[in-house]
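Printed here is target.cif (mmCIF, C-alpha atoms):
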data_protein
loop_
_atom_site.label_atom_id
_atom_site.label_comp_id
_atom_site.auth_asym_id
_atom_site.auth_seq_id
_atom_site.Cartn_x
_atom_site.Cartn_y
_atom_site.Cartn_z
CA MET A 1 71.02 113.02 76.75
CA VAL A 2 70.38 113.22 80.53
CA PRO A 3 70.40 109.42 81.08
CA TYR A 4 73.85 109.23 79.46
CA ILE A 5 75.17 111.85 81.86
CA ASP A 6 73.82 109.83 84.81
CA VAL A 7 75.51 106.69 83.52
CA MET A 8 78.78 108.55 83.02
CA LEU A 9 78.65 109.93 86.57
CA VAL A 10 77.99 106.48 88.01
CA LEU A 11 80.92 105.06 86.04
CA LEU A 12 83.13 107.92 87.22
CA VAL A 13 82.28 107.15 90.87
CA ILE A 14 82.95 103.44 90.34
CA PHE A 15 86.35 104.13 88.78
CA MET A 16 87.24 106.59 91.54
CA ILE A 17 86.50 103.96 94.18
CA THR A 18 88.28 101.06 92.45
CA ALA A 19 91.37 102.94 91.20
CA PRO A 20 93.20 102.92 94.57
CA LEU A 21 92.62 99.17 94.86
CA LEU A 22 94.38 98.50 91.56
CA LYS A 23 97.71 100.08 92.48
CA GLU A 24 99.06 97.07 94.36
CA GLY A 25 102.47 96.57 92.79
CA VAL A 26 103.58 93.27 94.33
CA LYS A 27 102.59 90.15 92.40
CA VAL A 28 101.05 87.55 94.69
CA ASP A 29 99.15 84.39 93.79
CA LEU A 30 96.42 84.35 96.45
CA PRO A 31 94.82 81.11 97.62
CA ALA A 32 91.12 80.63 96.90
CA ALA A 33 88.71 80.43 99.83
CA GLY A 34 84.99 80.76 100.37
CA ALA A 35 85.33 83.22 103.26
CA LYS A 36 82.82 85.93 104.04
CA PRO A 37 84.04 89.37 102.83
CA VAL A 38 84.75 92.25 105.20
CA ASP A 39 81.91 94.77 105.56
CA PRO A 40 82.41 97.43 102.82
CA GLU A 41 81.03 100.19 105.07
CA PHE A 42 83.63 99.34 107.72
CA LEU A 43 86.39 99.41 105.09
CA ALA A 44 85.14 102.80 103.87
CA ARG A 45 85.63 104.20 107.41
CA HIS A 46 88.93 102.42 108.17
CA GLN A 47 91.59 101.99 105.47
CA PRO A 48 93.10 98.50 106.06
CA LEU A 49 96.77 97.88 106.67
CA ILE A 50 97.84 95.14 104.25
CA VAL A 51 101.04 93.18 104.82
CA THR A 52 102.02 91.32 101.66
CA ILE A 53 104.33 88.30 101.60
CA ASP A 54 105.59 87.51 98.11
CA SER A 55 106.71 84.12 96.81
CA ARG A 56 110.26 84.73 98.07
CA GLY A 57 109.06 85.50 101.61
CA ARG A 58 109.71 89.26 101.44
CA LEU A 59 107.40 91.56 103.40
CA TYR A 60 105.68 94.65 102.00
CA VAL A 61 103.37 97.06 103.82
CA ASN A 62 100.87 99.45 102.22
CA PHE A 63 101.45 102.22 104.76
CA GLY A 64 104.30 104.74 104.63
CA PRO A 65 106.95 105.39 101.97
CA ASP A 66 108.31 102.85 99.48
CA GLN A 67 105.26 100.58 99.50
CA ASP A 68 106.54 98.69 96.43
CA LYS A 69 109.89 97.86 98.08
CA PRO A 70 110.50 95.05 100.56
CA ALA A 71 110.35 96.13 104.21
CA SER A 72 112.24 94.73 107.16
CA GLU A 73 110.38 93.13 110.06
CA ALA A 74 111.26 96.17 112.21
CA THR A 75 109.76 98.52 109.61
CA VAL A 76 106.55 96.48 109.34
CA SER A 77 106.25 96.39 113.13
CA ALA A 78 106.89 100.13 113.53
CA ARG A 79 104.43 101.13 110.80
CA THR A 80 101.77 98.79 112.18
CA ALA A 81 102.18 100.13 115.71
CA ALA A 82 102.04 103.75 114.47
CA LEU A 83 98.87 103.15 112.47
CA LEU A 84 97.16 101.29 115.33
CA ARG A 85 97.98 104.14 117.73
CA ARG A 86 96.27 106.53 115.31
CA ASP A 87 93.24 104.26 114.64
CA PRO A 88 92.96 101.17 116.86
CA GLU A 89 90.09 99.78 114.72
CA THR A 90 92.26 99.58 111.59
CA PRO A 91 91.75 96.17 109.96
CA ILE A 92 95.03 94.27 109.60
CA LEU A 93 95.15 91.92 106.61
CA VAL A 94 97.82 89.49 105.39
CA ARG A 95 98.14 88.92 101.66
CA ALA A 96 100.43 85.89 101.18
CA ASP A 97 101.40 83.98 98.05
CA THR A 98 100.21 80.36 97.95
CA THR A 99 103.82 79.14 97.76
CA VAL A 100 104.92 80.86 100.98
CA PRO A 101 105.70 78.37 103.77
CA TYR A 102 103.25 78.33 106.67
CA GLY A 103 106.01 79.29 109.11
CA THR A 104 106.68 82.53 107.22
CA VAL A 105 103.01 83.53 107.43
CA VAL A 106 102.90 82.68 111.14
CA ARG A 107 106.05 84.72 111.76
CA ALA A 108 104.42 87.73 110.04
CA MET A 109 101.25 87.28 112.12
CA VAL A 110 103.26 87.17 115.36
CA LEU A 111 105.11 90.30 114.25
CA LEU A 112 101.77 92.07 113.71
CA GLN A 113 100.46 90.81 117.04
CA HIS A 114 103.52 92.18 118.87
CA ALA A 115 102.90 95.53 117.14
CA GLY A 116 99.44 95.67 118.73
CA ALA A 117 97.11 93.96 116.24
CA ALA A 118 94.36 92.14 118.14
CA LYS A 119 92.92 90.47 115.02
CA VAL A 120 94.56 89.62 111.71
CA GLY A 121 92.64 88.59 108.59
CA PHE A 122 93.70 87.01 105.31
CA LEU A 123 93.10 88.23 101.78
CA THR A 124 92.07 85.43 99.43
CA ASP A 125 90.60 85.01 95.97
CA PRO A 126 86.99 83.89 95.82
CA VAL A 127 86.37 80.23 95.04
CA ARG A 128 85.24 79.76 91.46
CA PRO A 129 82.49 77.23 90.90
CA ALA A 130 83.52 74.05 89.11
CA PRO A 131 82.47 73.82 85.45
CA ARG A 132 79.34 71.77 84.81
CA GLY A 133 80.02 68.08 84.69
CA GLN A 134 83.29 68.38 86.65
CA ALA A 135 82.05 68.81 90.20
CA ASN A 136 84.02 66.95 92.89
CA GLY A 137 86.86 66.18 90.51
CA ALA A 138 84.75 64.06 88.16
CA GLY A 139 86.00 64.25 84.61
CA ASN A 140 84.36 63.45 81.34
CA GLY A 141 84.44 59.69 81.62
CA ALA A 142 83.78 57.45 78.63
CA GLY A 143 80.85 55.18 79.15
#
How does this structure look as structure tokens?
Amino acid sequence: MVPYIDVMLVLLVIFMITAPLLKEGVKVDLPAAGAKPVDPEFLARHQPLIVTIDSRGRLYVNFGPDQDKPASEATVSARTAALLRRDPETPILVRADTTVPYGTVVRAMVLLQHAGAAKVGFLTDPVRPAPRGQANGAGNGAG
């Protein structure tokens, strides 16, 4: 009976940690990249500010009220500056849809930079390995 309680407590802790990460309400198709992840211990100490750019180029910020509603550039800038004044080590991350034009992403990064962000990172999906036999675009050729 005791081992089952231990397992249940571990699962409870896992769900408590992952639940806040699942509440992102804006649908974004992230690009895949093989980048190194941010240190989990650092993220545990500093909640990241995430600016999301959806497929229509609208900005969302995960800090302040109405996080699921589009925010103006002035709102994103003001919220970023306020958060960085409170905690200058806050990681700033951009979460952009793959269909968003490069200029829109650059404009958001400049906006964050003017608000005081020294470094800006990107959220991506991990690269999935190619299925066996299809590496480097090779298909199932007939021989």
Report the centre and edge lengths, in Å to one decimal, of an axis-aligned box enclosing every atom of segment 100-113 of chain A listed in the file, padded by 6 Å on each side, as lines of an AutoDock Vina configuration file.
center_x = 103.6
center_y = 85.2
center_z = 109.0
size_x = 18.2
size_y = 25.7
size_z = 28.1
Quiz prompt | Long-range neighbours of Asp87 of chain A as a ChimeraX atom specification, 12 Å cut-off, only C-alpha atoms, 2 positions minimum in chain | solution = /A:45-49,80-85,89-92,116-117
Self-check item: Nearest to Val76 of chain A by atom-to-atom distance, counting all atoms listed in the file, from A:Ala96, A:Pro101, A:Val106, A:Leu112
Solution: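 Comparing A:Ala96, A:Pro101, A:Val106, A:Leu112 against Val76 of chain A, the winner is A:Leu112.
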Self-check item: Glu73 of chain A environment, 9 Å, only C-alpha atoms, sequence neighbours closer than 6 positions dropped, as a list in words
Solution: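 Close residues of Glu73 of chain A: Leu59, Ala108 and Leu111 of chain A.
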Self-check item: atom CA of Val110 of chain A to atom CA of Gln67 of chain A, distance in Å rounded to a single decimal
Solution: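 Here the two named atoms are 20.9 Å from each other.
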Self-check item: Atomic distance atom CA of Val100 of chain A - atom CA of Ala71 of chain A, expressed in Å with one decimal
Solution: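 If I compute the distance from atom CA of Val100 of chain A to atom CA of Ala71 of chain A, I get 16.5 Å.
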Quiz item: What does the distance between atom CA of Gly57 of chain A and atom CA of Arg128 of chain A come to in Å, to one decimal place?
Solution: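 For atom CA of Gly57 of chain A relative to atom CA of Arg128 of chain A, the distance reads 26.5 Å.
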Quiz item: For Gln113 of chain A, which residue among A:Val61, A:Ala78, A:Lys69, A:Ser55 is the nearest when counting all atoms listed in the file?
Solution: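 Comparing A:Val61, A:Ala78, A:Lys69, A:Ser55 against Gln113 of chain A, the winner is A:Ala78.
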Exercise. Check the smallest atom-to-atom distance from each of A:Ile5, A:Pro65, A:Arg58, A:Val10 to Thr104 of chain A using all atoms listed in the file, then report the winner.
Key: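 With all atoms listed in the file as the atom set, the closest residue is A:Arg58.
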Quiz item: When the PyMOL selection byres ((chain A and resi 51) around 7) is applied to the file above, which residues end up in the set, as a list in words?
Solution: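 For this structure, the PyMOL selection byres ((chain A and resi 51) around 7) captures Leu49, Ile50, Thr52, Ile53, Leu59, Tyr60, Val61, Asn62, Leu93, Val94 and Arg95 of chain A.
Nearest-residue note for Thr75 of chain A: choosing from A:Met109, A:Val13, A:Ala44, A:Ala115, the minimum distance belongs to A:Ala115, counting all atoms listed in the file.
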